[in-house]
file my_file.pdb (PDB, C-alpha atoms)
ATOM      1  CA  MET O   1       7.911  12.580  37.192
ATOM      2  CA  THR O   2       5.658  10.831  34.677
ATOM      3  CA  ASN O   3       5.745   7.074  34.641
ATOM      4  CA  SER O   4       5.642   6.089  30.923
ATOM      5  CA  LEU O   5       6.358   2.951  28.968
ATOM      6  CA  ILE O   6       5.744   1.539  25.510
ATOM      7  CA  ARG O   7       4.963  -2.173  25.436
ATOM      8  CA  PRO O   8       3.358  -4.771  23.143
ATOM      9  CA  TYR O   9      -0.425  -4.593  22.790
ATOM     10  CA  ARG O  10      -2.425  -7.279  24.632
ATOM     11  CA  PRO O  11      -6.031  -8.335  23.918
ATOM     12  CA  SER O  12      -7.016  -6.884  27.318
ATOM     13  CA  ASP O  13      -6.058  -3.438  25.939
ATOM     14  CA  ALA O  14      -8.866  -3.576  23.364
ATOM     15  CA  LEU O  15     -11.212  -1.100  25.061
ATOM     16  CA  ALA O  16      -8.393   1.351  25.786
ATOM     17  CA  LEU O  17      -7.142   1.014  22.183
ATOM     18  CA  TRP O  18     -10.590   1.794  20.861
ATOM     19  CA  GLN O  19     -10.624   4.978  22.967
ATOM     20  CA  VAL O  20      -7.375   5.949  21.242
ATOM     21  CA  ILE O  21      -8.183   5.097  17.615
ATOM     22  CA  GLY O  22     -11.998   5.290  17.604
ATOM     23  CA  PRO O  23     -12.366   9.098  17.652
ATOM     24  CA  ALA O  24      -9.809   9.492  14.844
ATOM     25  CA  ILE O  25     -11.533   6.843  12.702
ATOM     26  CA  ARG O  26     -14.961   8.408  13.306
ATOM     27  CA  ALA O  27     -13.604  11.884  12.457
ATOM     28  CA  GLY O  28     -12.478  10.454   9.100
ATOM     29  CA  ASP O  29      -9.707  12.979   8.591
ATOM     30  CA  VAL O  30      -6.443  11.082   9.119
ATOM     31  CA  TYR O  31      -6.768   7.368   8.243
ATOM     32  CA  ALA O  32      -7.832   5.855   4.925
ATOM     33  CA  VAL O  33     -10.389   3.499   6.457
ATOM     34  CA  PRO O  34     -14.197   3.768   6.525
ATOM     35  CA  ARG O  35     -15.429   6.293   9.101
ATOM     36  CA  ASP O  36     -18.236   3.958  10.127
ATOM     37  CA  MET O  37     -15.968   0.915  10.538
ATOM     38  CA  ALA O  38     -17.226  -1.389  13.303
ATOM     39  CA  GLU O  39     -15.160  -1.347  16.481
ATOM     40  CA  ALA O  40     -14.147  -5.002  16.087
ATOM     41  CA  ASP O  41     -13.014  -4.391  12.504
ATOM     42  CA  ALA O  42     -11.035  -1.343  13.568
ATOM     43  CA  LEU O  43      -9.248  -3.287  16.302
ATOM     44  CA  ALA O  44      -8.501  -6.107  13.860
ATOM     45  CA  TRP O  45      -7.160  -3.632  11.285
ATOM     46  CA  TRP O  46      -4.874  -2.008  13.849
ATOM     47  CA  ALA O  47      -3.640  -4.946  15.871
ATOM     48  CA  ALA O  48      -4.125  -8.235  14.004
ATOM     49  CA  GLY O  49      -2.870  -9.988  10.878
ATOM     50  CA  ASP O  50       0.655  -8.889   9.969
ATOM     51  CA  HIS O  51       0.442  -5.814  12.230
ATOM     52  CA  GLN O  52       2.494  -5.809  15.447
ATOM     53  CA  ALA O  53       0.826  -3.324  17.776
ATOM     54  CA  PHE O  54       2.274  -1.496  20.777
ATOM     55  CA  VAL O  55       0.685   0.796  23.353
ATOM     56  CA  HIS O  56       2.034   3.849  25.110
ATOM     57  CA  GLU O  57       1.101   3.719  28.794
ATOM     58  CA  ARG O  58       1.293   6.724  31.083
ATOM     59  CA  GLU O  59       0.558   6.258  34.783
ATOM     60  CA  GLY O  60      -0.893   2.857  33.900
ATOM     61  CA  GLU O  61      -3.271   4.260  31.285
ATOM     62  CA  VAL O  62      -3.064   3.705  27.506
ATOM     63  CA  VAL O  63      -2.723   7.114  25.830
ATOM     64  CA  GLY O  64      -1.378   6.055  22.440
ATOM     65  CA  SER O  65      -0.755   3.126  20.139
ATOM     66  CA  TYR O  66       1.176   2.260  17.012
ATOM     67  CA  PHE O  67       1.663  -0.730  14.726
ATOM     68  CA  ILE O  68       4.470  -1.806  12.446
ATOM     69  CA  ARG O  69       4.330  -4.295   9.600
ATOM     70  CA  PRO O  70       6.241  -5.114   6.401
ATOM     71  CA  ASN O  71       5.127  -2.608   3.774
ATOM     72  CA  GLN O  72       5.485  -5.160   0.971
ATOM     73  CA  LEU O  73       6.334  -8.854   0.675
ATOM     74  CA  GLY O  74       9.106 -10.635  -1.212
ATOM     75  CA  GLY O  75      11.768  -8.229  -2.408
ATOM     76  CA  GLY O  76      10.048  -5.368  -0.588
ATOM     77  CA  ALA O  77       9.915  -7.006   2.855
ATOM     78  CA  HIS O  78      12.883  -5.015   4.231
ATOM     79  CA  VAL O  79      10.747  -1.844   4.318
ATOM     80  CA  ALA O  80       8.559  -1.312   7.397
ATOM     81  CA  ASN O  81       5.300   0.571   7.480
ATOM     82  CA  ALA O  82       3.740   2.018  10.625
ATOM     83  CA  GLY O  83       0.634   3.791  11.889
ATOM     84  CA  TYR O  84       0.261   5.908  15.035
ATOM     85  CA  ALA O  85      -2.591   7.254  17.154
ATOM     86  CA  THR O  86      -2.657   9.410  20.272
ATOM     87  CA  ARG O  87      -5.721   9.763  22.497
ATOM     88  CA  LEU O  88      -7.323  13.171  21.963
ATOM     89  CA  ASP O  89      -6.664  14.388  25.519
ATOM     90  CA  ALA O  90      -2.994  13.351  25.381
ATOM     91  CA  ARG O  91      -1.987  15.204  22.242
ATOM     92  CA  GLY O  92       0.833  17.738  22.164
ATOM     93  CA  GLN O  93       2.704  15.965  24.978
ATOM     94  CA  GLY O  94       5.322  14.009  23.060
ATOM     95  CA  VAL O  95       3.379  10.729  22.937
ATOM     96  CA  ALA O  96       3.501  10.363  19.135
ATOM     97  CA  ARG O  97       7.152  11.348  19.000
ATOM     98  CA  ALA O  98       8.077   8.744  21.625
ATOM     99  CA  MET O  99       6.121   6.090  19.705
ATOM    100  CA  CYS O 100       7.779   7.094  16.425
ATOM    101  CA  GLU O 101      11.234   6.668  17.967
ATOM    102  CA  HIS O 102      10.236   3.373  19.611
ATOM    103  CA  SER O 103       8.847   2.063  16.325
ATOM    104  CA  GLN O 104      12.074   2.848  14.500
ATOM    105  CA  GLU O 105      14.099   0.983  17.137
ATOM    106  CA  GLN O 106      11.729  -1.994  16.908
ATOM    107  CA  ALA O 107      11.864  -2.008  13.115
ATOM    108  CA  ALA O 108      15.645  -1.728  13.008
ATOM    109  CA  ALA O 109      16.018  -4.508  15.598
ATOM    110  CA  GLN O 110      13.822  -6.726  13.420
ATOM    111  CA  GLY O 111      16.070  -6.119  10.401
ATOM    112  CA  PHE O 112      14.019  -3.571   8.488
ATOM    113  CA  ARG O 113      16.255  -1.133   6.582
ATOM    114  CA  LEU O 114      13.731   1.620   5.860
ATOM    115  CA  MET O 115      10.446   2.863   7.207
ATOM    116  CA  GLN O 116       7.812   4.153   4.799
ATOM    117  CA  PHE O 117       4.529   5.966   5.457
ATOM    118  CA  ASN O 118       2.301   5.454   2.413
ATOM    119  CA  PHE O 119      -0.425   7.918   3.121
ATOM    120  CA  VAL O 120       0.257  10.989   5.265
ATOM    121  CA  ILE O 121      -2.639  13.325   4.564
ATOM    122  CA  ALA O 122      -1.206  16.734   3.687
ATOM    123  CA  SER O 123      -3.839  18.602   5.732
ATOM    124  CA  ASN O 124      -2.646  16.731   8.838
ATOM    125  CA  VAL O 125       0.113  19.305   9.223
ATOM    126  CA  GLY O 126       0.937  18.294  12.784
ATOM    127  CA  ALA O 127       1.793  14.769  11.645
ATOM    128  CA  VAL O 128       3.766  15.884   8.576
ATOM    129  CA  THR O 129       5.842  18.259  10.709
ATOM    130  CA  LEU O 130       6.394  15.712  13.465
ATOM    131  CA  TRP O 131       7.558  13.005  11.044
ATOM    132  CA  GLN O 132       9.931  15.480   9.447
ATOM    133  CA  ARG O 133      11.341  16.291  12.907
ATOM    134  CA  CYS O 134      11.762  12.540  13.422
ATOM    135  CA  GLY O 135      13.929  12.416  10.266
ATOM    136  CA  PHE O 136      11.389  11.362   7.643
ATOM    137  CA  SER O 137      11.430  12.979   4.195
ATOM    138  CA  ILE O 138       8.553  13.477   1.786
ATOM    139  CA  VAL O 139       9.619  11.410  -1.257
ATOM    140  CA  GLY O 140       6.403  11.919  -3.187
ATOM    141  CA  THR O 141       2.919  13.407  -3.111
ATOM    142  CA  VAL O 142      -0.224  11.947  -4.659
ATOM    143  CA  PRO O 143      -2.538  14.782  -5.707
ATOM    144  CA  GLU O 144      -6.062  14.698  -4.261
ATOM    145  CA  ALA O 145      -5.584  11.188  -2.921
ATOM    146  CA  PHE O 146      -7.850  11.730   0.092
ATOM    147  CA  SER O 147     -11.427  12.944   0.367
ATOM    148  CA  HIS O 148     -11.412  15.004   3.561
ATOM    149  CA  PRO O 149     -14.773  15.402   5.360
ATOM    150  CA  ARG O 150     -14.417  19.201   5.525
ATOM    151  CA  LEU O 151     -11.650  20.201   3.078
ATOM    152  CA  GLY O 152     -12.616  18.114   0.047
ATOM    153  CA  TYR O 153      -9.851  16.423  -1.933
ATOM    154  CA  VAL O 154      -6.434  16.860  -0.342
ATOM    155  CA  ASP O 155      -3.004  15.489  -1.235
ATOM    156  CA  ALA O 156      -1.286  12.567   0.494
ATOM    157  CA  HIS O 157       2.458  12.324   1.058
ATOM    158  CA  ILE O 158       4.739   9.303   0.947
ATOM    159  CA  MET O 159       7.394   9.725   3.661
ATOM    160  CA  VAL O 160      10.530   7.625   4.121
ATOM    161  CA  LYS O 161      13.442   7.282   6.520
ATOM    162  CA  ARG O 162      16.440   4.966   6.399
ATOM    163  CA  LEU O 163      16.835   3.093   9.692
TER     164      LEU O 163
ATOM    165  CA  MET Z   1      -6.156  -9.895 -38.277
ATOM    166  CA  THR Z   2      -5.640 -10.823 -34.656
ATOM    167  CA  ASN Z   3      -8.711 -11.682 -32.689
ATOM    168  CA  SER Z   4      -8.225 -10.063 -29.243
ATOM    169  CA  LEU Z   5     -10.437  -9.251 -26.328
ATOM    170  CA  ILE Z   6     -10.123  -8.304 -22.682
ATOM    171  CA  ARG Z   7     -12.753  -9.835 -20.398
ATOM    172  CA  PRO Z   8     -13.317 -10.595 -16.713
ATOM    173  CA  TYR Z   9     -11.286 -13.443 -15.234
ATOM    174  CA  ARG Z  10     -13.149 -16.706 -14.575
ATOM    175  CA  PRO Z  11     -12.070 -19.541 -12.254
ATOM    176  CA  SER Z  12     -11.584 -21.740 -15.338
ATOM    177  CA  ASP Z  13      -8.754 -19.372 -16.389
ATOM    178  CA  ALA Z  14      -6.670 -20.353 -13.348
ATOM    179  CA  LEU Z  15      -4.134 -22.541 -15.183
ATOM    180  CA  ALA Z  16      -3.716 -19.983 -17.972
ATOM    181  CA  LEU Z  17      -3.351 -17.174 -15.406
ATOM    182  CA  TRP Z  18      -0.637 -19.089 -13.608
ATOM    183  CA  GLN Z  19       1.244 -19.424 -16.915
ATOM    184  CA  VAL Z  20       1.090 -15.626 -17.180
ATOM    185  CA  ILE Z  21       2.009 -14.598 -13.618
ATOM    186  CA  GLY Z  22       3.977 -17.641 -12.423
ATOM    187  CA  PRO Z  23       7.238 -17.010 -14.335
ATOM    188  CA  ALA Z  24       7.282 -13.359 -13.224
ATOM    189  CA  ILE Z  25       6.675 -14.317  -9.574
ATOM    190  CA  ARG Z  26       9.376 -17.025  -9.699
ATOM    191  CA  ALA Z  27      11.836 -14.588 -11.318
ATOM    192  CA  GLY Z  28      11.266 -12.274  -8.339
ATOM    193  CA  ASP Z  29      12.199  -9.116 -10.201
ATOM    194  CA  VAL Z  30       8.939  -7.225 -10.720
ATOM    195  CA  TYR Z  31       6.370  -7.969  -7.986
ATOM    196  CA  ALA Z  32       6.767  -7.474  -4.236
ATOM    197  CA  VAL Z  33       5.531 -10.954  -3.331
ATOM    198  CA  PRO Z  34       7.519 -14.013  -2.233
ATOM    199  CA  ARG Z  35       9.302 -15.733  -5.148
ATOM    200  CA  ASP Z  36       8.362 -19.148  -3.776
ATOM    201  CA  MET Z  37       4.669 -18.269  -3.265
ATOM    202  CA  ALA Z  38       2.442 -21.331  -3.787
ATOM    203  CA  GLU Z  39       0.425 -21.320  -7.011
ATOM    204  CA  ALA Z  40      -2.899 -21.192  -5.115
ATOM    205  CA  ASP Z  41      -1.715 -18.246  -3.023
ATOM    206  CA  ALA Z  42      -0.516 -16.422  -6.128
ATOM    207  CA  LEU Z  43      -3.872 -16.897  -7.851
ATOM    208  CA  ALA Z  44      -5.689 -15.705  -4.712
ATOM    209  CA  TRP Z  45      -3.424 -12.661  -4.453
ATOM    210  CA  TRP Z  46      -4.044 -11.734  -8.086
ATOM    211  CA  ALA Z  47      -7.707 -12.518  -8.569
ATOM    212  CA  ALA Z  48      -9.524 -12.751  -5.212
ATOM    213  CA  GLY Z  49     -10.472 -10.537  -2.282
ATOM    214  CA  ASP Z  50     -10.946  -6.928  -3.372
ATOM    215  CA  HIS Z  51      -9.102  -7.513  -6.666
ATOM    216  CA  GLN Z  52     -11.159  -7.522  -9.861
ATOM    217  CA  ALA Z  53      -9.137  -9.470 -12.413
ATOM    218  CA  PHE Z  54      -9.357  -9.417 -16.212
ATOM    219  CA  VAL Z  55      -7.623 -11.475 -18.884
ATOM    220  CA  HIS Z  56      -6.367 -10.533 -22.313
ATOM    221  CA  GLU Z  57      -7.288 -13.247 -24.803
ATOM    222  CA  ARG Z  58      -5.702 -13.540 -28.233
ATOM    223  CA  GLU Z  59      -6.989 -16.185 -30.628
ATOM    224  CA  GLY Z  60      -8.784 -17.748 -27.672
ATOM    225  CA  GLU Z  61      -5.644 -17.959 -25.539
ATOM    226  CA  VAL Z  62      -4.893 -15.961 -22.376
ATOM    227  CA  VAL Z  63      -1.712 -13.942 -22.976
ATOM    228  CA  GLY Z  64      -2.057 -11.337 -20.222
ATOM    229  CA  SER Z  65      -3.957 -10.368 -17.109
ATOM    230  CA  TYR Z  66      -4.511  -7.395 -14.863
ATOM    231  CA  PHE Z  67      -6.380  -6.541 -11.683
ATOM    232  CA  ILE Z  68      -7.816  -3.339 -10.304
ATOM    233  CA  ARG Z  69      -8.806  -2.601  -6.709
ATOM    234  CA  PRO Z  70      -9.275   0.442  -4.445
ATOM    235  CA  ASN Z  71      -5.809   1.534  -3.325
ATOM    236  CA  GLN Z  72      -7.113   2.666   0.082
ATOM    237  CA  LEU Z  73     -10.425   2.600   1.945
ATOM    238  CA  GLY Z  74     -12.543   5.390   3.419
ATOM    239  CA  GLY Z  75     -11.415   8.788   2.177
ATOM    240  CA  GLY Z  76      -8.903   7.153  -0.169
ATOM    241  CA  ALA Z  77     -11.345   4.830  -1.941
ATOM    242  CA  HIS Z  78     -11.586   7.014  -5.072
ATOM    243  CA  VAL Z  79      -8.035   6.028  -6.078
ATOM    244  CA  ALA Z  80      -7.625   2.781  -8.008
ATOM    245  CA  ASN Z  81      -4.581   0.555  -7.933
ATOM    246  CA  ALA Z  82      -3.753  -2.012 -10.637
ATOM    247  CA  GLY Z  83      -1.261  -4.750 -11.483
ATOM    248  CA  TYR Z  84      -0.440  -6.172 -14.918
ATOM    249  CA  ALA Z  85       1.278  -9.269 -16.309
ATOM    250  CA  THR Z  86       2.006 -10.403 -19.848
ATOM    251  CA  ARG Z  87       3.001 -13.975 -20.729
ATOM    252  CA  LEU Z  88       6.713 -14.129 -21.552
ATOM    253  CA  ASP Z  89       6.183 -15.147 -25.192
ATOM    254  CA  ALA Z  90       3.640 -12.353 -25.794
ATOM    255  CA  ARG Z  91       5.746  -9.410 -24.641
ATOM    256  CA  GLY Z  92       6.499  -6.458 -26.884
ATOM    257  CA  GLN Z  93       3.228  -6.852 -28.774
ATOM    258  CA  GLY Z  94       1.047  -4.223 -27.135
ATOM    259  CA  VAL Z  95      -0.667  -6.557 -24.686
ATOM    260  CA  ALA Z  96       0.267  -4.564 -21.557
ATOM    261  CA  ARG Z  97      -0.599  -1.273 -23.205
ATOM    262  CA  ALA Z  98      -4.053  -2.542 -24.220
ATOM    263  CA  MET Z  99      -4.627  -3.799 -20.669
ATOM    264  CA  CYS Z 100      -3.486  -0.486 -19.191
ATOM    265  CA  GLU Z 101      -5.981   1.404 -21.344
ATOM    266  CA  HIS Z 102      -8.752  -1.092 -20.566
ATOM    267  CA  SER Z 103      -8.048  -0.831 -16.837
ATOM    268  CA  GLN Z 104      -8.303   2.947 -16.923
ATOM    269  CA  GLU Z 105     -11.675   2.726 -18.701
ATOM    270  CA  GLN Z 106     -12.891   0.173 -16.155
ATOM    271  CA  ALA Z 107     -11.687   2.262 -13.228
ATOM    272  CA  ALA Z 108     -13.208   5.473 -14.581
ATOM    273  CA  ALA Z 109     -16.524   3.721 -15.280
ATOM    274  CA  GLN Z 110     -16.558   2.521 -11.649
ATOM    275  CA  GLY Z 111     -16.113   6.070 -10.391
ATOM    276  CA  PHE Z 112     -12.401   6.060  -9.533
ATOM    277  CA  ARG Z 113     -10.815   9.471 -10.085
ATOM    278  CA  LEU Z 114      -7.154   8.522 -10.118
ATOM    279  CA  MET Z 115      -5.042   5.449 -10.708
ATOM    280  CA  GLN Z 116      -1.934   4.883  -8.596
ATOM    281  CA  PHE Z 117       0.865   2.327  -8.939
ATOM    282  CA  ASN Z 118       2.532   1.973  -5.537
ATOM    283  CA  PHE Z 119       5.571  -0.011  -6.445
ATOM    284  CA  VAL Z 120       7.022   0.216  -9.964
ATOM    285  CA  ILE Z 121      10.525  -1.182  -9.651
ATOM    286  CA  ALA Z 122      12.917   1.286 -11.238
ATOM    287  CA  SER Z 123      14.983  -1.436 -12.903
ATOM    288  CA  ASN Z 124      11.840  -2.573 -14.764
ATOM    289  CA  VAL Z 125      12.508   0.117 -17.350
ATOM    290  CA  GLY Z 126      10.065  -1.332 -19.868
ATOM    291  CA  ALA Z 127       7.197  -0.911 -17.429
ATOM    292  CA  VAL Z 128       8.224   2.574 -16.299
ATOM    293  CA  THR Z 129       8.445   3.744 -19.920
ATOM    294  CA  LEU Z 130       5.171   2.110 -20.910
ATOM    295  CA  TRP Z 131       3.253   3.626 -17.989
ATOM    296  CA  GLN Z 132       4.690   7.040 -18.875
ATOM    297  CA  ARG Z 133       3.510   6.583 -22.490
ATOM    298  CA  CYS Z 134       0.077   5.711 -21.066
ATOM    299  CA  GLY Z 135       0.023   9.078 -19.268
ATOM    300  CA  PHE Z 136       1.281   8.120 -15.800
ATOM    301  CA  SER Z 137       3.749  10.371 -13.972
ATOM    302  CA  ILE Z 138       6.327   9.421 -11.376
ATOM    303  CA  VAL Z 139       5.184  11.363  -8.281
ATOM    304  CA  GLY Z 140       7.758   9.882  -5.940
ATOM    305  CA  THR Z 141      10.584   7.386  -5.594
ATOM    306  CA  VAL Z 142      11.401   5.267  -2.563
ATOM    307  CA  PRO Z 143      15.156   4.644  -2.436
ATOM    308  CA  GLU Z 144      16.269   0.994  -2.324
ATOM    309  CA  ALA Z 145      12.720  -0.188  -1.690
ATOM    310  CA  PHE Z 146      13.201  -3.479  -3.545
ATOM    311  CA  SER Z 147      15.777  -6.224  -3.183
ATOM    312  CA  HIS Z 148      16.349  -7.373  -6.757
ATOM    313  CA  PRO Z 149      17.629 -10.939  -7.216
ATOM    314  CA  ARG Z 150      20.515  -9.784  -9.470
ATOM    315  CA  LEU Z 151      20.852  -6.006  -9.018
ATOM    316  CA  GLY Z 152      20.648  -5.727  -5.218
ATOM    317  CA  TYR Z 153      18.637  -2.865  -3.736
ATOM    318  CA  VAL Z 154      16.849  -0.812  -6.378
ATOM    319  CA  ASP Z 155      14.418   2.102  -6.122
ATOM    320  CA  ALA Z 156      10.647   1.867  -6.543
ATOM    321  CA  HIS Z 157       8.493   4.552  -8.124
ATOM    322  CA  ILE Z 158       5.007   5.706  -7.245
ATOM    323  CA  MET Z 159       3.180   6.552 -10.473
ATOM    324  CA  VAL Z 160      -0.162   8.332 -10.804
ATOM    325  CA  LYS Z 161      -2.633   9.343 -13.495
ATOM    326  CA  ARG Z 162      -5.893  11.273 -13.215
ATOM    327  CA  LEU Z 163      -8.699   9.376 -14.960
TER     328      LEU Z 163
END
call {"tool": "encode", "arguments": {"input": "my_file.pdb", "output": "structure tokens"}}
result
Amino acid sequence: MTNSLIRPYRPSDALALWQVIGPAIRAGDVYAVPRDMAEADALAWWAAGDHQAFVHEREGEVVGSYFIRPNQLGGGAHVANAGYATRLDARGQGVARAMCEHSQEQAAAQGFRLMQFNFVIASNVGAVTLWQRCGFSIVGTVPEAFSHPRLGYVDAHIMVKRL
Amino acid sequence: MTNSLIRPYRPSDALALWQVIGPAIRAGDVYAVPRDMAEADALAWWAAGDHQAFVHEREGEVVGSYFIRPNQLGGGAHVANAGYATRLDARGQGVARAMCEHSQEQAAAQGFRLMQFNFVIASNVGAVTLWQRCGFSIVGTVPEAFSHPRLGYVDAHIMVKRL
């Protein structure tokens, strides 16, 4: 039986987190951040400021991570936003789905009423399908919002779920 | 004939800018920022960091302001975002429309291909209608995304225009 848990990110996870998010940032095909972002900047983007980061550990090893944060301030602060990443060699094994469910529980427990993804790149079909299976709906699509390194301009979806 | 121009914001415009954005922030019904935000924080939000701010001057007096910025980084950096504010006593006189047109010219000249508004509060019917007249389309609506001080939870639209 696999020994898995999802727990808050700690600074000592930095190297393991980079191994999770680094390849995806360098590939430039799923996150709207610079492909050549320095490692320190990437870690700060993911896990500092108003982001609360968590890691998914399996057999004591970090195989995925997510963050949640308020999507807006003031009158929009009851809507959570989140980002997810799974280490390349751990994909297709339910890691992202488990993190998505955990993030919704965390957000609900903190009083958020909705969760919104602002920028789900349409060519990332695996993610779109998974979020739909997790109960998220596409509420809008921005045409050609993302310049994909191989596909050119592709659409980005806004996806929402009530918590 | 009215003597109007739109020009880059300067630090010496700070007091005039606060007179434009302050009442709207304190009313808490159009921007997703804290209603009780300190003046210095509000000015920094509007006109610092990656925001390029402009002011609309009429007869030498600042009656409106807007900012543009990249809506995302990396592969999303070709989409501009913008925010607009018109001083209470100058509303209904074409100030916002002139700023919207100016902002599109600025964004296009800087190489942005689209402009996206992430959070147009549905109860702000004047804004929704004006942006539609300026060529923006509602590409999505997030249900109950904004807690309005009088109306309770109201929807927020995502609006987009190709430049």
call {"tool": "resolve_selection", "arguments": {"input": "my_file.pdb", "expression": "the ChimeraX specification (/O :<9) & /Z", "output": "ChimeraX atom specification"}}
result
/Z:28-36,72-79,114,116,118,138-149,153,158-160,162
call {"tool": "atom_distance", "arguments": {"input": "my_file.pdb", "atom1": "CA of Leu43 in chain O", "atom2": "CA of Glu61 in chain O"}}
result
17.8 Å
call {"tool": "resolve_selection", "arguments": {"input": "my_file.pdb", "expression": "the PyMOL selection byres ((chain Z and resi 82-86) around 8)", "output": "PDB file with C-alpha atoms, in the frame of the given file"}}
result
ATOM      1  CA  VAL Z  20       1.090 -15.626 -17.180  1.00  0.00           C
ATOM      2  CA  ILE Z  21       2.009 -14.598 -13.618  1.00  0.00           C
ATOM      3  CA  ALA Z  24       7.282 -13.359 -13.224  1.00  0.00           C
ATOM      4  CA  VAL Z  63      -1.712 -13.942 -22.976  1.00  0.00           C
ATOM      5  CA  GLY Z  64      -2.057 -11.337 -20.222  1.00  0.00           C
ATOM      6  CA  SER Z  65      -3.957 -10.368 -17.109  1.00  0.00           C
ATOM      7  CA  TYR Z  66      -4.511  -7.395 -14.863  1.00  0.00           C
ATOM      8  CA  PHE Z  67      -6.380  -6.541 -11.683  1.00  0.00           C
ATOM      9  CA  ILE Z  68      -7.816  -3.339 -10.304  1.00  0.00           C
ATOM     10  CA  ARG Z  69      -8.806  -2.601  -6.709  1.00  0.00           C
ATOM     11  CA  ALA Z  80      -7.625   2.781  -8.008  1.00  0.00           C
ATOM     12  CA  ASN Z  81      -4.581   0.555  -7.933  1.00  0.00           C
ATOM     13  CA  ARG Z  87       3.001 -13.975 -20.729  1.00  0.00           C
ATOM     14  CA  LEU Z  88       6.713 -14.129 -21.552  1.00  0.00           C
ATOM     15  CA  ALA Z  90       3.640 -12.353 -25.794  1.00  0.00           C
ATOM     16  CA  ARG Z  91       5.746  -9.410 -24.641  1.00  0.00           C
ATOM     17  CA  VAL Z  95      -0.667  -6.557 -24.686  1.00  0.00           C
ATOM     18  CA  ALA Z  96       0.267  -4.564 -21.557  1.00  0.00           C
ATOM     19  CA  MET Z  99      -4.627  -3.799 -20.669  1.00  0.00           C
ATOM     20  CA  CYS Z 100      -3.486  -0.486 -19.191  1.00  0.00           C
ATOM     21  CA  SER Z 103      -8.048  -0.831 -16.837  1.00  0.00           C
ATOM     22  CA  MET Z 115      -5.042   5.449 -10.708  1.00  0.00           C
ATOM     23  CA  GLN Z 116      -1.934   4.883  -8.596  1.00  0.00           C
ATOM     24  CA  PHE Z 117       0.865   2.327  -8.939  1.00  0.00           C
TER      25      PHE Z 117
END
call {"tool": "atom_distance", "arguments": {"input": "my_file.pdb", "atom1": "CA of Leu130 in chain O", "atom2": "CA of Pro23 in chain O"}}
result
20.3 Å
call {"tool": "atom_distance", "arguments": {"input": "my_file.pdb", "atom1": "CA of Ala48 in chain O", "atom2": "CA of Arg10 in chain O"}}
result
10.8 Å
call {"tool": "closest_residue", "arguments": {"input": "my_file.pdb", "among": "Z:His102, Z:Gln19, Z:Ala44, Z:Ala27", "to": "Arg150 in chain Z", "atoms": "only C-alpha atoms"}}
result
Z:Ala27
